[in-house]
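Participant: See my_file_16.csv below, with CSV, C-alpha atoms and all ligand atoms.
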chain,number,residue,atom,x,y,z
X,1,MET,CA,20.4,33.4,-23.2
X,2,LEU,CA,18.9,32.4,-26.5
X,3,GLU,CA,17.0,35.1,-28.2
X,4,SER,CA,13.3,34.4,-28.7
X,5,PHE,CA,11.4,35.3,-31.8
X,6,LYS,CA,8.0,36.3,-32.7
X,7,GLU,CA,6.5,35.1,-35.9
X,8,ILE,CA,4.9,37.9,-38.0
X,9,GLU,CA,2.9,37.4,-41.2
X,10,VAL,CA,4.0,39.8,-43.8
X,11,VAL,CA,2.4,40.5,-47.2
X,12,CYS,CA,4.3,41.9,-50.2
X,13,PRO,CA,2.6,45.3,-50.9
X,14,THR,CA,3.2,44.9,-54.7
X,15,CYS,CA,1.9,41.4,-55.4
X,16,GLY,CA,0.3,40.0,-52.2
X,17,GLU,CA,2.8,37.2,-51.7
X,18,THR,CA,2.6,36.2,-48.0
X,19,LYS,CA,5.1,34.7,-45.7
X,20,SER,CA,5.9,34.7,-42.0
X,21,ILE,CA,9.1,36.2,-40.8
X,22,ASN,CA,10.8,35.9,-37.4
X,23,ILE,CA,11.4,39.1,-35.5
X,24,PRO,CA,13.5,39.1,-32.2
X,25,GLU,CA,11.2,39.7,-29.2
X,26,SER,CA,13.7,42.2,-27.9
X,27,LEU,CA,12.6,44.5,-30.6
X,28,PHE,CA,9.2,44.8,-29.0
X,29,SER,CA,10.4,45.2,-25.4
X,30,GLN,CA,11.7,48.6,-26.3
X,31,LYS,CA,9.1,51.3,-26.2
X,32,LYS,CA,11.4,54.0,-27.0
X,33,PHE,CA,11.2,54.4,-30.7
X,34,GLY,CA,7.6,53.5,-31.4
X,35,THR,CA,7.1,52.2,-34.9
X,36,ILE,CA,10.1,50.5,-36.4
X,37,LYS,CA,10.7,50.0,-40.1
X,38,ILE,CA,11.9,46.6,-41.0
X,39,GLN,CA,13.6,46.1,-44.4
X,40,VAL,CA,12.4,43.1,-46.2
X,41,PRO,CA,14.9,42.2,-49.0
X,42,VAL,CA,14.0,40.3,-52.2
X,43,ASN,CA,13.5,36.6,-51.4
X,44,ALA,CA,12.7,37.1,-47.7
X,45,VAL,CA,9.0,37.2,-48.4
X,46,CYS,CA,8.6,37.7,-52.1
X,47,PRO,CA,11.0,36.5,-54.9
X,48,LYS,CA,10.5,39.7,-56.9
X,49,HIS,CA,10.0,42.7,-54.6
X,50,GLN,CA,11.7,44.3,-51.6
X,51,PHE,CA,9.8,46.5,-49.3
X,52,ILE,CA,9.5,48.0,-45.8
X,53,VAL,CA,7.2,46.8,-43.0
X,54,PHE,CA,6.2,49.2,-40.2
X,55,LEU,CA,5.9,47.4,-36.9
X,56,ASP,CA,4.6,48.9,-33.7
X,57,THR,CA,5.9,48.0,-30.3
X,58,LYS,CA,3.4,45.2,-29.9
X,59,GLY,CA,4.6,43.6,-33.1
X,60,MET,CA,1.5,44.6,-35.1
X,61,VAL,CA,2.0,45.5,-38.8
X,62,ARG,CA,1.1,49.1,-39.1
X,63,GLY,CA,1.8,49.6,-42.8
X,64,TYR,CA,4.0,48.9,-45.8
X,65,GLU,CA,6.1,50.9,-48.2
X,66,LYS,CA,7.2,49.7,-51.6
X,67,ILE,CA,10.8,50.1,-52.8
X,68,ASP,CA,10.8,50.2,-56.5
X,69,ILE,CA,14.5,49.3,-57.0
X,70,ALA,CA,15.6,46.1,-58.5
X,71,MET,CA,19.0,45.2,-57.1
X,72,LEU,CA,21.4,43.9,-59.6
X,73,VAL,CA,22.9,40.7,-58.2
X,74,THR,CA,26.6,41.1,-58.8
X,75,PRO,CA,28.3,37.9,-57.8
X,76,ALA,CA,31.8,38.9,-56.8
X,77,GLU,CA,33.1,42.1,-55.3
X,78,THR,CA,34.4,44.6,-57.8
X,79,LYS,CA,38.0,45.7,-58.1
X,80,LYS,CA,37.2,49.0,-56.3
X,81,GLU,CA,35.6,47.2,-53.5
X,82,ALA,CA,38.5,44.8,-53.1
X,83,ALA,CA,40.7,48.0,-52.8
X,84,GLY,CA,38.5,49.1,-49.9
X,85,ILE,CA,36.4,51.6,-51.7
X,86,LEU,CA,32.8,51.9,-50.6
X,87,THR,CA,30.7,51.7,-53.8
X,88,LEU,CA,27.0,52.3,-53.9
X,89,ARG,CA,26.4,48.6,-54.2
X,90,LYS,CA,28.5,47.9,-51.1
X,91,LEU,CA,26.7,50.7,-49.2
X,92,ILE,CA,23.4,49.1,-50.1
X,93,GLN,CA,24.7,45.8,-48.8
X,94,LEU,CA,25.7,47.4,-45.6
X,95,PHE,CA,22.6,49.4,-44.8
X,96,GLY,CA,19.9,47.9,-47.1
X,97,THR,CA,18.3,49.9,-49.9
X,98,TYR,CA,16.0,51.8,-47.7
X,99,GLY,CA,18.8,52.4,-45.2
X,100,ILE,CA,20.8,54.1,-48.0
X,101,LEU,CA,17.8,56.1,-49.2
X,102,SER,CA,17.3,57.2,-45.6
X,103,LEU,CA,20.9,58.2,-45.1
X,104,MET,CA,20.8,60.2,-48.3
X,105,HIS,CA,17.6,61.9,-47.2
X,106,ALA,CA,19.1,62.8,-43.9
X,107,LYS,CA,22.2,64.3,-45.5
X,108,ILE,CA,20.3,66.4,-48.1
X,109,PHE,CA,17.8,67.7,-45.6
X,110,ASN,CA,20.3,68.3,-42.8
X,111,TYR,CA,19.3,65.7,-40.2
X,112,PRO,CA,22.0,63.9,-38.1
X,113,SER,CA,22.3,60.1,-38.7
X,114,TYR,CA,23.1,57.6,-35.9
X,115,ILE,CA,24.3,54.2,-36.9
X,116,ILE,CA,24.4,51.4,-34.3
X,117,LYS,CA,27.5,49.3,-35.2
X,118,ASP,CA,28.5,45.8,-34.3
X,119,GLU,CA,32.0,44.4,-34.2
X,120,ALA,CA,31.9,43.3,-37.8
X,121,PHE,CA,31.1,46.8,-39.0
X,122,GLU,CA,34.1,48.0,-40.9
X,123,PRO,CA,33.7,51.6,-42.2
X,124,THR,CA,34.9,54.4,-40.0
X,125,GLU,CA,32.8,57.4,-39.0
X,126,GLU,CA,35.3,59.5,-40.9
X,127,LEU,CA,34.9,57.5,-44.2
X,128,LEU,CA,31.1,57.5,-44.0
X,129,ASN,CA,31.1,61.3,-43.5
X,130,LEU,CA,33.5,61.8,-46.4
X,131,ILE,CA,31.3,59.8,-48.7
X,132,SER,CA,28.0,61.3,-47.5
X,133,ASN,CA,29.4,64.8,-47.9
X,134,ARG,CA,30.4,64.1,-51.5
X,135,ILE,CA,26.8,63.8,-52.7
X,136,LEU,CA,26.2,67.4,-51.9
X,137,PRO,CA,27.3,70.6,-53.8
X,138,GLU,CA,30.5,71.9,-52.2
X,139,LYS,CA,29.0,74.8,-50.2
X,140,TYR,CA,26.7,72.4,-48.3
X,141,ARG,CA,29.5,70.0,-47.4
X,142,GLY,CA,31.8,70.3,-44.5
X,143,HIS,CA,30.0,69.4,-41.3
X,144,ASN,CA,29.9,65.8,-40.3
X,145,SER,CA,26.4,64.4,-39.5
X,146,ILE,CA,26.9,60.7,-39.3
X,147,TYR,CA,27.7,59.2,-35.9
X,148,LEU,CA,28.5,55.6,-35.0
X,149,LEU,CA,27.1,54.2,-31.8
X,150,GLU,CA,28.7,51.3,-29.9
X,151,GLU,CA,25.6,50.7,-27.7
X,152,SER,CA,23.4,48.0,-29.2
X,153,ASN,CA,20.9,47.8,-26.4
X,154,TYR,CA,18.0,49.9,-27.7
X,155,SER,CA,16.7,51.0,-24.3
X,156,LYS,CA,20.1,52.4,-23.4
X,157,ILE,CA,20.6,54.4,-26.5
X,158,LYS,CA,20.7,58.2,-26.0
X,159,LEU,CA,20.8,60.5,-29.0
X,160,LYS,CA,22.3,63.9,-28.7
X,161,GLU,CA,19.9,65.2,-31.1
X,162,LYS,CA,16.3,63.9,-31.0
X,163,LYS,CA,15.3,64.7,-34.6
X,164,ALA,CA,17.7,62.2,-36.1
X,165,LEU,CA,17.8,59.1,-38.3
X,166,LEU,CA,18.7,56.0,-36.3
X,167,ILE,CA,19.7,52.7,-38.1
X,168,ASP,CA,20.9,49.4,-36.7
X,169,SER,CA,23.6,48.2,-39.1
X,170,LEU,CA,23.4,44.6,-37.9
X,171,THR,CA,19.6,44.0,-38.5
X,172,LYS,CA,19.3,47.0,-41.0
X,173,ASN,CA,16.2,48.0,-39.0
X,174,ILE,CA,15.3,51.7,-39.2
X,175,LEU,CA,14.5,52.6,-35.6
X,176,GLN,CA,13.6,56.2,-36.2
X,177,THR,CA,13.1,58.7,-39.0
X,178,PRO,CA,12.5,62.3,-38.1
X,179,TRP,CA,10.5,63.1,-41.3
X,180,LYS,CA,7.1,62.2,-42.7
X,181,GLU,CA,7.8,62.4,-46.5
X,182,LYS,CA,8.4,59.3,-48.6
X,183,LEU,CA,11.8,58.8,-50.1
X,184,LYS,CA,10.7,58.9,-53.8
X,185,PHE,CA,13.3,61.4,-54.9
X,186,GLU,CA,16.2,59.4,-53.4
X,187,GLU,CA,14.6,56.2,-54.8
X,188,GLU,CA,14.4,57.6,-58.3
X,189,ILE,CA,18.1,58.8,-58.4
X,190,VAL,CA,19.5,55.6,-56.8
X,191,LYS,CA,17.5,53.6,-59.3
X,192,ARG,CA,19.1,55.6,-62.2
X,193,ALA,CA,22.5,55.4,-60.6
X,194,LEU,CA,22.4,51.6,-60.4
X,195,GLU,CA,21.7,51.4,-64.1
X,196,ILE,CA,25.2,52.8,-64.7
X,197,ILE,CA,28.0,50.2,-64.6
X,198,ASN,CA,30.9,52.5,-63.8
X,199,GLU,CA,30.9,53.1,-60.1
X,200,GLU,CA,32.4,56.7,-60.2
X,201,ASP,CA,29.7,57.7,-62.7
X,202,GLN,CA,27.1,56.4,-60.3
X,203,LEU,CA,28.3,58.9,-57.7
X,204,LEU,CA,28.4,61.6,-60.3
X,205,LEU,CA,24.8,61.0,-61.3
X,206,LEU,CA,23.7,61.2,-57.7
X,207,GLN,CA,25.7,64.5,-57.3
X,208,GLN,CA,24.2,66.0,-60.4
X,209,ARG,CA,20.6,65.1,-59.6
X,210,ILE,CA,20.9,66.4,-56.0
X,211,ALA,CA,22.6,69.6,-57.3
X,212,ILE,CA,19.7,70.2,-59.7
X,213,PHE,CA,17.2,69.8,-56.8
X,214,ILE,CA,19.2,72.2,-54.6
X,215,LYS,CA,19.4,74.7,-57.4
X,216,GLU,CA,15.6,74.7,-57.6
X,217,ALA,CA,15.4,75.1,-53.8
X,218,GLU,CA,17.8,78.0,-53.8
X,219,GLN,CA,15.8,79.6,-56.6
X,220,ALA,CA,12.6,79.2,-54.6
X,221,LYS,CA,14.4,80.7,-51.6
X,222,ASP,CA,15.4,83.8,-53.7
X,223,ILE,CA,11.9,84.3,-54.9
X,224,LEU,CA,10.4,83.9,-51.4
X,225,GLU,CA,12.8,86.5,-50.0
X,226,ASN,CA,11.3,89.1,-52.3
X,227,VAL,CA,7.6,88.5,-51.6
X,228,ASN,CA,5.3,88.6,-48.7
X,229,GLU,CA,3.3,85.7,-50.0
X,230,ILE,CA,3.0,83.7,-53.1
X,231,TYR,CA,0.7,80.9,-54.4
X,232,GLU,CA,2.2,77.5,-54.8
X,233,GLU,CA,1.4,77.4,-58.5
X,234,ASP,CA,3.0,80.7,-59.1
X,235,LEU,CA,6.1,79.6,-57.2
X,236,ILE,CA,6.3,76.4,-59.1
X,237,GLU,CA,6.0,78.2,-62.4
X,238,GLN,CA,8.6,80.8,-61.6
X,239,VAL,CA,11.2,78.3,-60.3
X,240,SER,CA,10.7,76.0,-63.3
X,241,ARG,CA,11.1,79.0,-65.7
X,242,GLU,CA,14.3,80.3,-63.9
X,243,VAL,CA,16.1,76.9,-63.8
X,244,LEU,CA,14.9,75.9,-67.3
X,245,MET,CA,13.4,72.7,-66.1
X,246,PRO,CA,10.1,71.1,-66.9
X,247,ARG,CA,7.3,72.1,-64.5
X,248,MET,CA,7.9,70.5,-61.2
X,249,ASN,CA,5.2,68.4,-59.5
X,250,GLN,CA,3.6,68.8,-56.1
X,251,ASN,CA,5.9,66.2,-54.5
X,252,ARG,CA,9.0,68.2,-55.6
X,253,LEU,CA,7.5,71.3,-54.0
X,254,ILE,CA,7.1,69.5,-50.7
X,255,LEU,CA,10.8,68.6,-50.8
X,256,ILE,CA,11.8,72.1,-51.7
X,257,LYS,CA,9.8,73.4,-48.7
X,258,GLU,CA,11.5,70.9,-46.5
X,259,PHE,CA,14.9,71.9,-47.8
X,260,ILE,CA,14.3,75.6,-47.3
X,261,LYS,CA,12.9,74.9,-43.8
X,262,HIS,CA,16.0,72.9,-42.7
X,263,ASN,CA,18.7,74.8,-44.5
X,264,PHE,CA,17.4,78.4,-44.5
X,265,SER,CA,14.3,79.3,-42.6
X,266,GLN,CA,10.8,78.1,-41.7
X,267,LYS,CA,9.6,81.8,-42.1
X,268,LEU,CA,10.3,81.7,-45.8
X,269,VAL,CA,8.2,78.6,-46.2
X,270,SER,CA,5.2,80.1,-44.5
X,271,ARG,CA,5.0,82.7,-47.3
X,272,ILE,CA,3.8,80.0,-49.6
X,273,LYS,CA,0.0,79.9,-49.9
X,274,SER,CA,-2.1,77.2,-51.2
X,275,ARG,CA,-5.4,77.9,-53.1
X,276,VAL,CA,-6.7,74.5,-52.0
X,277,ASP,CA,-6.2,75.3,-48.3
X,278,GLU,CA,-7.8,78.7,-48.7
X,279,PHE,CA,-10.8,77.1,-50.4
X,280,LEU,CA,-11.2,74.5,-47.8
X,281,SER,CA,-11.0,77.0,-44.9
X,282,SER,CA,-13.6,79.1,-46.6
X,283,LEU,CA,-16.2,76.3,-46.5
Z,1,ZN,ZN,5.9,40.9,-54.5
Take the structure I supplied and represent it as structure tokens, if you would.

Facilitator:
Amino acid sequence: MLESFKEIEVVCPTCGETKSINIPESLFSQKKFGTIKIQVPVNAVCPKHQFIVFLDTKGMVRGYEKIDIAMLVTPAETKKEAAGILTLRKLIQLFGTYGILSLMHAKIFNYPSYIIKDEAFEPTEELLNLISNRILPEKYRGHNSIYLLEESNYSKIKLKEKKALLIDSLTKNILQTPWKEKLKFEEEIVKRALEIINEEDQLLLLQQRIAIFIKEAEQAKDILENVNEIYEEDLIEQVSREVLMPRMNQNRLILIKEFIKHNFSQKLVSRIKSRVDEFLSSL
């Protein structure tokens, strides 16, 4: 049976360029995953920008997210890729930019990732886990969290763990993300990494930036273990002072809270008080 398509008008969230894209009807017959994130690469709708469209199960556009990464168009595969090594560029080809940002987010914040594979999908589960573990500091490595699924019928997919990332490697659609936060941190470091030509140095940069973040999170955890409660501003100031980094912003604090929640304990996070929340609840 030929697959039928639904035409959906999509607008580039950066410059307003508009175009219709065809989405398989089968995507909407599934009610299981709710909103699906569709990756729109450069040239699909807009010649300059890539972005994400959020589609609900009726095929209505529910929102957009910009991806501020310009992909360098490298014509031929590199020597390393020819030798079977998965470079960052190759991984982005396989999963899309947002797919890679999502896989990184899942790894850092300790969520399992499920990847629906088709026959053409080459990397093994073992290799993907090996690479994904390498972006973390050594003591956080070890356990595998990426699983390949053979089942491509969305309504038949059963995930062992519900709070998981789910990506379809064929369409690069993101079927489920178990988090609410945007992937700005991952976007920032992948952007920096892609500015580097040497592929091993790209990985090194990702490792370093993630290690700095985790160091901040560990520092915050140490501080929280020794107080009953602490104001956000005081925690930010203390952590920044201890790790000798510029004062972190609110977004970084959100990520640190998530990291502590998923890797250590939710209890520690609840010790963080916000003056804004206190003010609002006193009104
Ligand atoms: Zn655009």

Participant: Just the number, please: distance in Å from atom CA of X:Glu195 to atom CA of X:Phe213, one decimal.

Facilitator: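 Atom CA of X:Phe213 lies 20.3 Å from atom CA of X:Glu195.
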
Participant: Considering all atoms listed in the file, return as a list in words whatever protein or nucleic-acid residues lie within 12 Å of X:Gly16, sequence-local ones (same chain, fewer than 6 positions apart) excluded.

Facilitator: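 Near neighbours after the sequence-gap exclusion: Glu9, Val10, Val45, Cys46, Pro47, Lys48, His49, Phe51, Tyr64 and Lys66 of chain X.
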
Participant: Report, in Å with one decimal, the straight-line distance from atom CA of X:Met248 to atom CA of X:Ser282.

Facilitator: 27.4 Å

Participant: Return the single residue from X:Leu88, X:Ile100, X:Ala217, X:Leu224 that is closest to X:Asn198, with distances computed using all atoms listed in the file.

Facilitator: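 Nearest to X:Asn198: X:Leu88.
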
Participant: Measuring atom to atom with all atoms listed in the file, identify which of X:Ser20, X:Cys15, X:Ile8, X:Ser155 is nearest to ligand ZN 1 (chain Z).

Facilitator: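 Of X:Ser20, X:Cys15, X:Ile8, X:Ser155, the one nearest ligand ZN 1 (chain Z) is X:Cys15, counting all atoms listed in the file.
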
Participant: My list of candidates is X:Asn263, X:Ser145, X:Gln219, X:Thr14. Which is closest to X:Val243 when distances are computed with only C-alpha atoms?

Facilitator: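 Closest candidate: X:Gln219.
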
Participant: Work out how far atom CA of X:Asn228 is from atom CA of X:Leu268, in Å to one decimal.

Facilitator: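 If I compute the distance from atom CA of X:Leu268 to atom CA of X:Asn228, I get 9.0 Å.
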
Participant: Which one is closest to ligand ZN 1 (chain Z): X:Gly84, X:Gly63, X:Pro24, X:Pro41? Count only C-alpha atoms and all ligand atoms.

Facilitator: X:Pro41

Participant: Choose the residue, out of X:Leu166, X:Ile115, X:Ala220, X:Leu194, that has the smallest atom-to-atom separation from X:Ala70; count all atoms listed in the file.

Facilitator: X:Leu194

Participant: Which of these residues is nearest to ligand ZN 1 (chain Z), using only C-alpha atoms and all ligand atoms: X:Leu149, X:Ile52, X:Ile21, X:Met245?

Facilitator: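 Under the stated criterion, the closest residue is X:Ile52.
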
Participant: Set the distance at 8 Å and use all atoms listed in the file: which residues neighbour X:Ala211 once local chain neighbours fewer than 4 positions away are removed? I'd like the list as an mmCIF file with C-alpha atoms, keeping the file's coordinate frame.

Facilitator:
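What follows is the written file around19.cif:
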data_model
loop_
_atom_site.group_PDB
_atom_site.id
_atom_site.type_symbol
_atom_site.label_atom_id
_atom_site.label_comp_id
_atom_site.auth_asym_id
_atom_site.auth_seq_id
_atom_site.Cartn_x
_atom_site.Cartn_y
_atom_site.Cartn_z
ATOM 1 C CA LEU X 136 26.200 67.400 -51.900
ATOM 2 C CA PRO X 137 27.300 70.600 -53.800
ATOM 3 C CA GLN X 207 25.700 64.500 -57.300
ATOM 4 C CA LYS X 215 19.400 74.700 -57.400
#

Participant: Which residues, written as a PyMOL selection string, have at least one atom at most 12 Å from X:Glu122, with all atoms listed in the file counted and residues fewer than 6 positions away on the same chain left out?

Facilitator: chain X and resi 84-86+90-91+94+128+148+169-170

Participant: Using only C-alpha atoms, determine which residues lie at most 9 Å from X:Thr171, disregarding the query and same-chain residues fewer than 2 positions distant; provide the list as a PyMOL selection string.

Facilitator: chain X and resi 38-39+95+167-169+173-174

Participant: Given the selection you just returned, output its residues as a file containing C-alpha atoms, formatted as a short mmCIF file (atom, residue, chain, number, x, y, z; two decimals), in the coordinates of the input.

Facilitator:
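again_22.cif written:
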data_model
loop_
_atom_site.label_atom_id
_atom_site.label_comp_id
_atom_site.auth_asym_id
_atom_site.auth_seq_id
_atom_site.Cartn_x
_atom_site.Cartn_y
_atom_site.Cartn_z
CA ILE X 38 11.90 46.60 -41.00
CA GLN X 39 13.60 46.10 -44.40
CA PHE X 95 22.60 49.40 -44.80
CA ILE X 167 19.70 52.70 -38.10
CA ASP X 168 20.90 49.40 -36.70
CA SER X 169 23.60 48.20 -39.10
CA ASN X 173 16.20 48.00 -39.00
CA ILE X 174 15.30 51.70 -39.20
#

Participant: Compile the contact shell of X:Leu103 as number ranges by chain: residues with an atom at most 12 Å away, counting all atoms listed in the file, same-chain residues fewer than 5 positions apart removed.

Facilitator: X: 91-92, 94-98, 108-115, 128-129, 131-133, 135, 145-147, 164-167, 169, 174, 176-178, 183, 186-187

Participant: Would you mind completing stretch 122-132 of chain X to all heavy atoms and writing the output as a compact mmCIF listing (two decimals), in the coordinates of the input?

Facilitator:
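selection-v1.txt written:
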# COMPACT_ATOMS: atom_id res chain seq x y z
N GLU X 122 32.80 47.57 -40.56
CA GLU X 122 34.10 48.00 -40.90
C GLU X 122 34.33 49.54 -41.11
O GLU X 122 35.30 50.11 -40.64
CB GLU X 122 34.67 47.28 -42.11
CG GLU X 122 35.17 45.89 -41.74
CD GLU X 122 35.56 45.07 -42.95
OE1 GLU X 122 35.46 45.58 -44.08
OE2 GLU X 122 35.96 43.91 -42.75
N PRO X 123 33.44 50.18 -41.89
CA PRO X 123 33.70 51.60 -42.20
C PRO X 123 33.86 52.48 -41.00
O PRO X 123 33.16 52.28 -40.00
CB PRO X 123 32.51 52.01 -43.05
CG PRO X 123 31.82 50.78 -43.45
CD PRO X 123 32.17 49.73 -42.45
N THR X 124 34.76 53.44 -41.07
CA THR X 124 34.90 54.40 -40.00
C THR X 124 33.92 55.53 -40.13
O THR X 124 33.42 55.76 -41.22
CB THR X 124 36.32 54.97 -39.92
OG1 THR X 124 36.52 55.69 -41.15
CG2 THR X 124 37.38 53.91 -39.77
N GLU X 125 33.68 56.23 -39.03
CA GLU X 125 32.80 57.40 -39.00
C GLU X 125 33.34 58.42 -40.05
O GLU X 125 32.58 59.02 -40.82
CB GLU X 125 32.81 58.00 -37.63
CG GLU X 125 31.60 58.82 -37.31
CD GLU X 125 31.58 59.18 -35.82
OE1 GLU X 125 31.07 58.38 -35.03
OE2 GLU X 125 32.08 60.26 -35.47
N GLU X 126 34.66 58.55 -40.06
CA GLU X 126 35.30 59.50 -40.90
C GLU X 126 35.01 59.21 -42.42
O GLU X 126 34.63 60.08 -43.20
CB GLU X 126 36.81 59.47 -40.69
CG GLU X 126 37.57 60.62 -41.26
CD GLU X 126 39.08 60.42 -41.09
OE1 GLU X 126 39.51 59.36 -40.57
OE2 GLU X 126 39.82 61.32 -41.49
N LEU X 127 35.15 57.94 -42.78
CA LEU X 127 34.90 57.50 -44.20
C LEU X 127 33.46 57.74 -44.57
O LEU X 127 33.16 58.25 -45.65
CB LEU X 127 35.32 56.07 -44.36
CG LEU X 127 35.10 55.49 -45.77
CD1 LEU X 127 35.91 56.26 -46.81
CD2 LEU X 127 35.46 54.01 -45.81
N LEU X 128 32.55 57.37 -43.68
CA LEU X 128 31.10 57.50 -44.00
C LEU X 128 30.75 58.97 -44.18
O LEU X 128 29.97 59.32 -45.07
CB LEU X 128 30.27 56.87 -42.89
CG LEU X 128 30.35 55.35 -42.82
CD1 LEU X 128 29.67 54.84 -41.56
CD2 LEU X 128 29.73 54.70 -44.06
N ASN X 129 31.32 59.83 -43.36
CA ASN X 129 31.10 61.30 -43.50
C ASN X 129 31.64 61.82 -44.79
O ASN X 129 31.04 62.67 -45.45
CB ASN X 129 31.58 62.04 -42.29
CG ASN X 129 30.57 62.03 -41.15
OD1 ASN X 129 29.46 62.54 -41.29
ND2 ASN X 129 30.95 61.42 -40.04
N LEU X 130 32.82 61.32 -45.13
CA LEU X 130 33.50 61.80 -46.40
C LEU X 130 32.59 61.44 -47.57
O LEU X 130 32.33 62.29 -48.41
CB LEU X 130 34.82 61.04 -46.48
CG LEU X 130 35.77 61.55 -47.54
CD1 LEU X 130 36.43 62.84 -47.06
CD2 LEU X 130 36.84 60.50 -47.85
N ILE X 131 32.10 60.21 -47.62
CA ILE X 131 31.30 59.80 -48.70
C ILE X 131 29.95 60.57 -48.75
O ILE X 131 29.50 61.06 -49.76
CB ILE X 131 30.93 58.29 -48.66
CG1 ILE X 131 32.21 57.47 -48.78
CG2 ILE X 131 29.95 57.87 -49.74
CD1 ILE X 131 32.03 56.02 -48.45
N SER X 132 29.35 60.70 -47.58
CA SER X 132 28.00 61.30 -47.50
C SER X 132 28.15 62.82 -47.90
O SER X 132 27.27 63.37 -48.56
CB SER X 132 27.39 61.09 -46.18
OG SER X 132 27.34 62.23 -45.40
